[in-house]
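*Asks:* I am sharing coords-v7.csv, which consists of CSV, C-alpha atoms:
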```csv
chain,number,residue,atom,x,y,z
A,21,MET,CA,96.3,95.7,129.1
A,22,LYS,CA,94.1,98.7,128.4
A,23,GLU,CA,90.4,98.0,128.4
A,24,ARG,CA,88.8,98.4,125.0
A,25,ASP,CA,86.1,101.0,124.3
A,26,VAL,CA,83.0,99.0,123.4
A,27,TYR,CA,81.3,102.0,121.9
A,28,PHE,CA,84.0,102.3,119.2
A,29,ASP,CA,84.1,98.6,118.7
A,30,ASN,CA,80.3,98.7,118.0
A,31,LEU,CA,80.8,101.7,115.8
A,32,LYS,CA,83.5,100.0,113.7
A,33,PHE,CA,81.5,96.8,113.2
A,34,ILE,CA,78.4,98.8,112.0
A,35,LEU,CA,80.5,100.9,109.7
A,36,ILE,CA,82.3,97.9,108.1
A,37,LEU,CA,78.9,96.2,107.7
A,38,LEU,CA,77.8,99.3,105.7
A,39,VAL,CA,81.0,99.2,103.7
A,40,VAL,CA,80.3,95.6,102.6
A,41,VAL,CA,76.6,96.3,102.0
A,42,GLY,CA,77.5,99.4,100.0
A,43,HIS,CA,79.8,97.4,97.7
A,44,LEU,CA,77.2,94.7,97.2
A,45,ILE,CA,74.4,97.0,96.2
A,46,GLU,CA,76.6,99.3,94.1
A,47,PRO,CA,75.5,97.6,90.8
A,48,PHE,CA,72.0,98.8,91.5
A,49,ASN,CA,72.8,102.4,92.7
A,50,GLY,CA,71.1,103.8,89.6
A,51,GLU,CA,67.7,102.7,90.8
A,52,ALA,CA,65.5,104.9,93.1
A,53,ALA,CA,65.4,102.8,96.3
A,54,MET,CA,68.8,101.1,96.1
A,55,GLY,CA,70.4,104.3,94.8
A,56,THR,CA,69.1,106.2,97.8
A,57,ILE,CA,70.3,103.6,100.3
A,58,TYR,CA,73.7,103.6,98.5
A,59,GLN,CA,74.1,107.4,98.7
A,60,PHE,CA,72.9,107.4,102.3
A,61,ILE,CA,75.5,104.9,103.3
A,62,TYR,CA,78.3,106.8,101.4
A,63,SER,CA,77.3,110.1,102.9
A,64,PHE,CA,78.7,109.1,106.3
A,65,HIS,CA,80.2,105.6,106.6
A,66,MET,CA,83.8,106.5,105.4
A,67,PRO,CA,83.9,109.9,107.2
A,68,LEU,CA,83.0,108.1,110.5
A,69,PHE,CA,85.6,105.4,109.9
A,70,ILE,CA,88.2,108.1,109.4
A,71,PHE,CA,86.9,110.0,112.4
A,72,ALA,CA,87.4,106.8,114.5
A,73,ALA,CA,90.9,106.4,113.1
A,74,GLY,CA,91.7,110.0,114.0
A,75,TYR,CA,90.4,109.5,117.5
A,76,PHE,CA,92.8,106.6,118.1
A,77,SER,CA,95.8,108.6,116.7
A,78,LYS,CA,96.2,110.9,119.6
A,79,ARG,CA,99.5,109.6,120.8
A,80,VAL,CA,101.4,111.1,117.9
A,81,GLN,CA,104.6,111.5,120.0
A,82,SER,CA,105.0,107.9,120.7
A,83,PRO,CA,107.6,106.0,118.6
A,84,LYS,CA,105.2,103.1,118.7
A,85,GLN,CA,103.0,104.9,116.2
A,86,TYR,CA,105.7,104.9,113.6
A,87,VAL,CA,106.5,101.3,114.1
A,88,GLY,CA,102.8,100.5,113.9
A,89,LEU,CA,102.5,102.7,110.8
A,90,LEU,CA,104.9,100.5,108.9
A,91,SER,CA,103.8,97.2,110.3
A,92,GLY,CA,100.0,97.9,110.3
A,93,LEU,CA,99.6,100.0,107.2
A,94,VAL,CA,102.5,100.2,104.8
A,95,VAL,CA,103.3,96.5,104.6
A,96,PRO,CA,99.7,95.3,104.4
A,97,TYR,CA,99.1,98.0,101.7
A,98,PHE,CA,101.9,96.7,99.5
A,99,ILE,CA,100.8,93.1,100.1
A,100,PHE,CA,97.1,93.7,99.2
A,101,GLU,CA,97.9,96.1,96.4
A,102,THR,CA,99.9,93.3,94.8
A,103,LEU,CA,97.3,90.7,95.5
A,104,TYR,CA,94.4,92.7,94.1
A,105,THR,CA,96.4,93.6,91.0
A,106,LEU,CA,97.3,89.9,90.4
A,107,PHE,CA,93.6,89.0,91.1
A,108,ASP,CA,92.3,91.4,88.5
A,109,TYR,CA,95.0,90.3,86.0
A,110,TYR,CA,94.0,86.6,86.2
A,111,MET,CA,90.3,87.1,86.8
A,112,GLN,CA,89.7,89.6,84.0
A,113,GLY,CA,92.3,88.1,81.6
A,114,LEU,CA,94.1,91.5,81.2
A,115,ASP,CA,96.7,91.8,78.5
A,116,ARG,CA,99.4,93.1,80.8
A,117,LEU,CA,100.2,93.1,84.4
A,118,ASP,CA,100.7,96.6,85.8
A,119,PHE,CA,101.5,97.3,89.4
A,120,THR,CA,100.4,100.8,90.2
A,121,TYR,CA,101.3,101.4,93.8
A,122,PHE,CA,100.7,105.1,93.6
A,123,TYR,CA,97.2,104.5,92.1
A,124,PRO,CA,95.6,102.5,94.9
A,125,ASN,CA,93.4,99.6,93.7
A,126,TRP,CA,89.8,100.3,94.5
A,127,ILE,CA,89.2,100.1,98.3
A,128,LEU,CA,92.9,100.3,99.0
A,129,TRP,CA,92.9,104.1,98.7
A,130,PHE,CA,91.8,104.0,102.4
A,131,LEU,CA,95.1,102.4,103.5
A,132,PHE,CA,97.1,104.7,101.3
A,133,SER,CA,95.4,107.8,102.7
A,134,MET,CA,95.6,106.5,106.2
A,135,MET,CA,99.4,106.4,105.8
A,136,LEU,CA,99.4,110.0,104.7
A,137,TRP,CA,97.1,111.2,107.5
A,138,LYS,CA,99.2,109.6,110.2
A,139,MET,CA,102.4,110.9,108.7
A,140,LEU,CA,101.0,114.4,108.2
A,141,LEU,CA,99.4,114.7,111.6
A,142,PRO,CA,102.4,115.9,113.6
A,143,TYR,CA,103.0,118.6,111.1
A,144,LEU,CA,99.4,119.7,111.0
A,145,LEU,CA,99.4,120.1,114.7
A,146,MET,CA,102.0,122.8,114.4
A,147,LEU,CA,99.4,125.0,112.7
A,148,LYS,CA,97.3,127.4,114.7
A,149,TYR,CA,94.1,126.4,113.0
A,150,PRO,CA,94.7,123.0,111.3
A,151,LEU,CA,91.1,122.1,110.8
A,152,VAL,CA,90.3,125.4,109.1
A,153,VAL,CA,93.4,125.0,106.9
A,154,CYS,CA,92.4,121.5,105.9
A,155,PHE,CA,88.8,122.4,105.0
A,156,ALA,CA,90.1,125.3,102.9
A,157,MET,CA,92.6,123.1,101.1
A,158,SER,CA,90.0,120.5,100.3
A,159,ILE,CA,87.5,123.1,98.9
A,160,MET,CA,90.3,124.8,96.9
A,161,LEU,CA,91.5,121.5,95.5
A,162,GLY,CA,88.2,120.9,93.9
A,163,TYR,CA,88.9,123.7,91.5
A,164,SER,CA,92.0,122.0,90.3
A,165,ILE,CA,91.5,120.5,86.8
A,166,ASP,CA,94.3,118.0,87.1
A,167,VAL,CA,93.1,116.3,90.3
A,168,ASP,CA,92.7,112.6,89.7
A,169,TYR,CA,93.3,109.3,91.6
A,170,TYR,CA,97.1,109.6,91.7
A,171,ALA,CA,98.4,108.9,95.2
A,172,SER,CA,94.8,109.3,96.4
A,173,ILE,CA,95.6,113.0,97.0
A,174,SER,CA,92.1,114.3,96.4
A,175,ARG,CA,90.5,111.8,98.7
A,176,THR,CA,93.2,112.3,101.3
A,177,LEU,CA,92.6,116.0,101.5
A,178,TYR,CA,88.8,115.6,101.2
A,179,PHE,CA,88.6,113.3,104.2
A,180,LEU,CA,91.5,114.8,106.2
A,181,PRO,CA,89.1,117.1,108.2
A,182,PHE,CA,87.2,114.1,109.5
A,183,PHE,CA,90.5,112.6,110.7
A,184,LEU,CA,91.4,115.8,112.5
A,185,ILE,CA,88.0,116.1,114.1
A,186,GLY,CA,88.4,112.6,115.4
A,187,PHE,CA,91.8,113.5,116.8
A,188,TYR,CA,90.4,116.5,118.7
A,189,PHE,CA,87.3,114.7,119.8
A,190,LYS,CA,86.9,114.0,123.5
A,191,ARG,CA,85.2,110.8,124.7
A,192,GLU,CA,83.1,112.8,127.2
A,193,TRP,CA,81.5,114.7,124.3
A,194,LEU,CA,79.5,111.6,123.5
A,195,ASP,CA,77.4,112.2,126.6
A,196,THR,CA,75.9,115.3,125.0
A,197,ILE,CA,74.6,113.4,122.0
A,198,LYS,CA,73.6,110.2,123.8
A,199,THR,CA,70.6,111.7,125.6
A,200,ARG,CA,67.2,110.4,124.7
A,201,PRO,CA,65.9,113.8,123.2
A,202,PHE,CA,69.0,114.0,121.0
A,203,GLN,CA,68.6,110.5,119.8
A,204,LEU,CA,65.0,111.1,118.8
A,205,LEU,CA,66.2,114.2,117.0
A,206,SER,CA,68.8,112.2,115.3
A,207,LEU,CA,66.3,109.7,114.0
A,208,LEU,CA,64.3,112.5,112.6
A,209,LEU,CA,67.3,114.1,110.9
A,210,LEU,CA,68.5,110.8,109.5
A,211,ALA,CA,65.0,110.1,108.1
A,212,ALA,CA,64.9,113.6,106.6
A,213,GLY,CA,68.4,113.2,105.1
A,214,PHE,CA,67.3,109.9,103.5
A,215,ALA,CA,64.2,111.6,102.1
A,216,LEU,CA,66.2,114.4,100.8
A,217,LEU,CA,68.6,112.1,99.0
A,218,TYR,CA,65.7,110.2,97.5
A,219,THR,CA,64.3,113.5,96.1
A,220,LEU,CA,67.7,114.6,94.8
A,221,LEU,CA,68.7,111.2,93.4
A,222,PRO,CA,68.1,112.2,89.7
A,223,ILE,CA,70.5,115.1,89.9
A,224,LEU,CA,72.8,114.3,92.8
A,225,HIS,CA,75.9,112.3,91.8
A,226,THR,CA,77.2,109.9,94.5
A,227,SER,CA,80.7,111.0,93.5
A,228,TRP,CA,80.2,114.1,95.6
A,229,PHE,CA,80.7,111.9,98.7
A,230,TYR,CA,83.8,110.2,97.2
A,231,GLY,CA,85.8,113.4,97.3
A,232,ALA,CA,87.8,112.2,94.3
A,233,MET,CA,86.8,114.5,91.5
A,234,PRO,CA,87.2,118.1,90.6
A,235,TYR,CA,84.1,120.3,90.3
A,236,LEU,CA,84.6,120.4,86.6
A,237,GLU,CA,83.6,116.7,86.4
A,238,PHE,CA,80.2,117.7,87.7
A,239,GLY,CA,79.8,120.4,85.1
A,240,LEU,CA,80.5,123.2,87.6
A,241,GLU,CA,82.7,125.9,86.2
A,242,SER,CA,81.6,128.8,88.3
A,243,TRP,CA,83.5,130.4,91.1
A,244,TYR,CA,80.9,129.3,93.7
A,245,ALA,CA,81.4,125.6,92.9
A,246,GLY,CA,83.2,125.2,96.2
A,247,PHE,CA,79.9,125.9,98.1
A,248,TYR,CA,78.6,122.6,96.9
A,249,ARG,CA,81.4,120.8,98.6
A,250,MET,CA,80.7,122.8,101.8
A,251,ILE,CA,77.0,121.7,101.6
A,252,THR,CA,78.2,118.1,101.2
A,253,TYR,CA,80.4,118.5,104.3
A,254,ALA,CA,77.5,119.9,106.3
A,255,PHE,CA,75.2,117.1,105.2
A,256,THR,CA,77.8,114.5,106.1
A,257,ALA,CA,78.4,116.1,109.5
A,258,ILE,CA,74.7,116.1,110.4
A,259,MET,CA,74.2,112.5,109.3
A,260,GLY,CA,77.4,111.4,111.0
A,261,VAL,CA,76.5,113.0,114.4
A,262,GLY,CA,73.1,111.4,114.1
A,263,VAL,CA,74.6,108.0,113.6
A,264,LEU,CA,77.1,108.5,116.4
A,265,SER,CA,74.3,109.3,118.9
A,266,LEU,CA,72.5,106.0,118.1
A,267,ILE,CA,75.5,103.6,118.4
A,268,PRO,CA,75.1,101.4,121.6
A,269,ASP,CA,77.8,102.0,124.2
A,270,SER,CA,77.3,98.6,125.9
A,271,ASN,CA,78.3,95.1,125.0
A,272,THR,CA,76.4,93.6,122.0
A,273,PRO,CA,76.7,90.3,120.2
A,274,PHE,CA,78.9,92.0,117.6
A,275,THR,CA,81.1,94.1,119.9
A,276,ASP,CA,84.0,91.7,119.8
A,277,ARG,CA,83.8,91.5,116.0
A,278,GLY,CA,84.5,95.3,115.8
A,279,ILE,CA,88.1,94.5,116.6
A,280,ASN,CA,88.6,92.7,113.3
A,281,THR,CA,87.3,95.2,110.8
A,282,MET,CA,90.5,95.3,108.9
A,283,TYR,CA,90.0,91.6,107.9
A,284,VAL,CA,86.5,92.4,106.6
A,285,PHE,CA,87.8,95.4,104.7
A,286,LEU,CA,90.7,93.7,103.0
A,287,LEU,CA,89.1,90.3,102.3
A,288,HIS,CA,85.6,91.1,101.2
A,289,GLY,CA,86.8,92.8,98.1
A,290,PHE,CA,87.9,89.5,96.6
A,291,ILE,CA,84.4,88.1,97.0
A,292,VAL,CA,82.7,91.2,95.5
A,293,LYS,CA,85.1,91.2,92.5
A,294,THR,CA,84.4,87.5,92.0
A,295,MET,CA,80.7,88.1,92.0
A,296,GLN,CA,81.1,90.9,89.5
A,297,HIS,CA,83.3,88.8,87.2
A,298,LEU,CA,80.9,85.8,87.2
A,299,ASN,CA,78.0,88.2,86.7
A,300,TRP,CA,76.2,86.9,89.7
A,301,PHE,CA,74.6,90.2,90.5
A,302,GLU,CA,72.1,89.6,87.7
A,303,ALA,CA,70.5,87.0,89.9
A,304,PHE,CA,69.6,89.6,92.5
A,305,ARG,CA,67.7,92.1,90.3
A,306,SER,CA,64.3,91.4,91.9
A,307,ALA,CA,63.3,93.2,95.1
A,308,GLY,CA,63.7,90.1,97.1
A,309,GLY,CA,67.1,89.5,95.6
A,310,LYS,CA,68.3,92.9,96.6
A,311,LEU,CA,67.1,92.3,100.2
A,312,LEU,CA,69.1,89.0,100.0
A,313,LEU,CA,72.2,91.0,99.0
A,314,ILE,CA,71.9,93.2,102.1
A,315,LEU,CA,71.5,90.0,104.2
A,316,LEU,CA,74.5,88.6,102.4
A,317,GLY,CA,76.5,91.7,103.4
A,318,ALA,CA,75.6,91.1,107.0
A,319,VAL,CA,76.6,87.4,106.8
A,320,LEU,CA,79.9,88.2,105.1
A,321,THR,CA,80.7,90.8,107.7
A,322,TRP,CA,80.0,88.4,110.5
A,323,LEU,CA,82.0,85.6,109.0
A,324,LEU,CA,85.0,87.7,107.9
A,325,SER,CA,85.3,89.3,111.4
A,326,SER,CA,85.3,86.0,113.1
A,327,PRO,CA,88.2,84.7,115.3
A,328,TRP,CA,88.9,81.8,112.9
A,329,ILE,CA,89.3,84.1,110.0
A,330,LYS,CA,91.8,86.1,112.1
A,331,ARG,CA,93.7,83.0,112.9
A,332,GLY,CA,93.7,81.9,109.3
A,333,PHE,CA,94.6,85.2,107.6
A,334,GLY,CA,96.4,87.0,110.4
A,335,TRP,CA,99.8,86.3,108.8
A,336,ILE,CA,98.8,88.4,105.8
A,337,VAL,CA,96.5,91.0,107.2
A,338,GLU,CA,98.6,91.7,110.3
A,339,PRO,CA,102.0,90.4,109.2
A,340,ASN,CA,104.8,90.1,111.8
A,341,VAL,CA,107.4,92.4,110.4
A,342,GLY,CA,109.5,92.7,113.5
A,343,PHE,CA,112.5,91.5,111.5
A,344,LEU,CA,112.5,94.9,109.7
A,345,PHE,CA,113.3,96.8,112.9
A,346,ASN,CA,116.5,96.7,114.8
A,347,TYR,CA,116.3,96.1,118.5
A,348,ARG,CA,116.5,99.8,119.4
A,349,SER,CA,113.6,100.7,117.1
A,350,LYS,CA,111.4,98.0,118.4
A,351,HIS,CA,111.8,98.7,122.1
A,352,ARG,CA,112.3,102.4,122.2
A,353,HIS,CA,108.6,103.0,122.6
A,354,GLU,CA,108.6,100.7,125.6
A,355,ARG,CA,111.2,102.8,127.3
A,356,VAL,CA,109.3,105.9,126.6
A,357,GLU,CA,106.1,104.5,128.0
A,358,LEU,CA,108.0,103.3,131.1
A,359,LYS,CA,109.4,106.8,131.7
A,360,ARG,CA,105.9,108.3,131.3
A,361,SER,CA,104.5,105.8,133.8
A,362,ASP,CA,107.2,106.6,136.3
A,363,ALA,CA,106.6,110.3,135.8
A,364,LYS,CA,102.9,109.9,136.5
A,365,ARG,CA,103.6,107.9,139.7
A,366,SER,CA,106.0,110.6,140.9
A,367,ASP,CA,103.4,113.3,140.3
A,368,ALA,CA,100.9,111.4,142.2
```
Output the file's structure as structure tokens, nothing else.

*Replies:*
Amino acid sequence: MKERDVYFDNLKFILILLVVVGHLIEPFNGEAAMGTIYQFIYSFHMPLFIFAAGYFSKRVQSPKQYVGLLSGLVVPYFIFETLYTLFDYYMQGLDRLDFTYFYPNWILWFLFSMMLWKMLLPYLLMLKYPLVVCFAMSIMLGYSIDVDYYASISRTLYFLPFFLIGFYFKREWLDTIKTRPFQLLSLLLLAAGFALLYTLLPILHTSWFYGAMPYLEFGLESWYAGFYRMITYAFTAIMGVGVLSLIPDSNTPFTDRGINTMYVFLLHGFIVKTMQHLNWFEAFRSAGGKLLLILLGAVLTWLLSSPWIKRGFGWIVEPNVGFLFNYRSKHRHERVELKRSDAKRSDA
């Protein structure tokens, strides 16, 4: 069994913690302090998650990837899209039940886009400059007035460059940004970025970091509107590199929890939606209450990433769909890997 990379397990746990905290403090993102924290989190946490996903998508030629795509993304997406739709219908008392599988429900855009990124990757690699093409497509898409949430297309293209960066990223490059001087610089840059967001909060809409809206929604009709998205990309890149440099690369108390981030991601939404429906966020309006919300986010992340949650919900988060594949499809990747191992031994 291949040894796990503790650095990326630590990274994923910290990022999923920020996802949960971000959703819990979202009702207060119009306030100065909480709004700045919210924007700061959203400026880098999903781009880094997508970067990590791209990093682990390097073996695009392996048939196992396509089997894993169906069993690890497609099936869970349809399961949880159905569950969240039913949850909203009964919790909110909606008049009609509409299953909109091409309009992902809230957080499920990530799974939908992940399917598209993984399917598109082999074709993007045929291009001479795929990263440049993807950046250009994202910037040009912002000018389109008919961009909306259908099929998560806008977000898919907006975050696609981060997926590609992760794919091309080499593990040894981390050595460059893990030096003590660079880490000190990162702390300064992150603090400066936070201060800048605090200053710009009255005029900077968080939706710039969502990548889901055309420029026209921000009141930008000029030809240079795309430069604002470029600036957003640049800010995200600086914040992202700063965070990457500070992630511990040794075992921590939460390293093992980083393996189970999908459980946290898919399950915490039901808790947040329940709190919204029951209007519980009103009880956290004080400064102390908001600090409790952040603490609650940490506790939820810790609990939902625990082994007993994995044992209890593994059947639905990571369903066994082996029955969908014929014997040849399930085991073809094993034969491919065996041939590669034999070839490596012969070369040696």

*Asks:* Which residue gives the smallest distance to Ala72 (chain A) among A:Asn30, A:Thr219, A:Thr226, A:Asn271, with all atoms listed in the file counted?

*Replies:*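 Nearest candidate to Ala72 (chain A) out of A:Asn30, A:Thr219, A:Thr226, A:Asn271: A:Asn30.
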
*Asks:* Quick one: everything within 8 Å of region 327-337 of chain A, counting all atoms listed in the file, minus sequence neighbours fewer than 6 positions away in the same chain. Send it as a list in words.

*Replies:*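 These residues fall inside the cut-off: Pro96, Ile99, Asn280, Met282, Tyr283 and Leu286 of chain A.
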
*Asks:* For Thr252 (chain A), find every residue with an atom within 8 Å (counting only C-alpha atoms), except residues of its own chain fewer than 4 positions away, and show them as a VMD selection string.

*Replies:* chain A and resid 228 to 229 248 256

*Asks:* Go through A:Leu205, A:Ala212, A:Leu145, A:Ala156 one by one, measure the shortest atom-to-atom distance of each to Tyr188 (chain A) using only C-alpha atoms, and give the residue with the smallest value.

*Replies:*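 Using only C-alpha atoms, the shortest distance to Tyr188 (chain A) belongs to A:Leu145.
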
*Asks:* Set the distance at 10 Å and use all atoms listed in the file: which residues neighbour Lys138 (chain A) once local chain neighbours fewer than 2 positions away are removed? I'd like the list as a PyMOL selection string.

*Replies:* chain A and resi 73-74+77-78+80+85-86+89+133-136+140-143+183

*Asks:* When you draw a straight line from CA of Leu236 (chain A) to CA of Asp166 (chain A), how long is it in Å?

*Replies:*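 Between CA of Leu236 (chain A) and CA of Asp166 (chain A) the gap works out to 10.0 Å.
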
*Asks:* Is there a way to get, as an MDAnalysis selection string, all residues within 10 Å of the point (104.4, 93.6, 112.4) in file coordinates, counting all atoms listed in the file?

*Replies:* chainID A and resid 87:93 95:96 335 337:345

*Asks:* Tell me which of A:Pro234, A:Gly308, A:Gly262, A:Pro181 sits closest to Gln203 (chain A), counting all atoms listed in the file.

*Replies:*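 With all atoms listed in the file as the atom set, the closest residue is A:Gly262.
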
*Asks:* Grab the CA of Leu180 (chain A) to CA of Tyr121 (chain A) distance for me, in Å with one decimal place.

*Replies:*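 The value is 20.7 Å.
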
*Asks:* With all atoms listed in the file as the basis for distance, which of A:Leu38, A:Glu302, A:Pro273, A:Tyr58 is at the shortest distance from Ser227 (chain A)?

*Replies:*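 Ranked by minimum distance to Ser227 (chain A), first place goes to A:Tyr58.
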
*Asks:* Looking at A:Ile197, A:Leu184, A:Leu323, A:Leu312, which one is nearest to Ser265 (chain A), with distances taken over all atoms listed in the file?

*Replies:*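 Of A:Ile197, A:Leu184, A:Leu323, A:Leu312, the one nearest Ser265 (chain A) is A:Ile197, counting all atoms listed in the file.
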
*Asks:* Extract, using all atoms listed in the file, all DNA, RNA and protein residues at most 12 Å from region 215-218 of chain A, discarding same-chain residues fewer than 6 positions from it, and format them as a list in words.

*Replies:*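 Close residues of region 215-218 of chain A: Asn49, Gly50, Glu51, Ala52, Ala53, Met54, Gly55, Thr56, Ile57, Tyr58, Gln59, Phe60, Ile61, Tyr62, Ser63, Leu208, Leu209, Leu224, His225, Thr226, Thr252, Phe255, Thr256 and Met259 of chain A.
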
*Asks:* My list of candidates is A:Phe28, A:Phe132, A:Phe69, A:Phe247. Which is closest to Arg175 (chain A) when distances are computed with only C-alpha atoms?

*Replies:*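 Under the stated criterion, the closest residue is A:Phe132.
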
*Asks:* Could you jot down the CA of Met250 (chain A) to CA of Glu192 (chain A) separation for me, Å, one decimal place?

*Replies:* 27.4 Å

*Asks:* List every protein, DNA or RNA residue that has at least one atom no more than 6 Å from (88.6, 100.2, 116.2) in the file's coordinates, counting only C-alpha atoms, and write the result as a VMD selection string.

*Replies:* chain A and resid 28 to 29 32 279
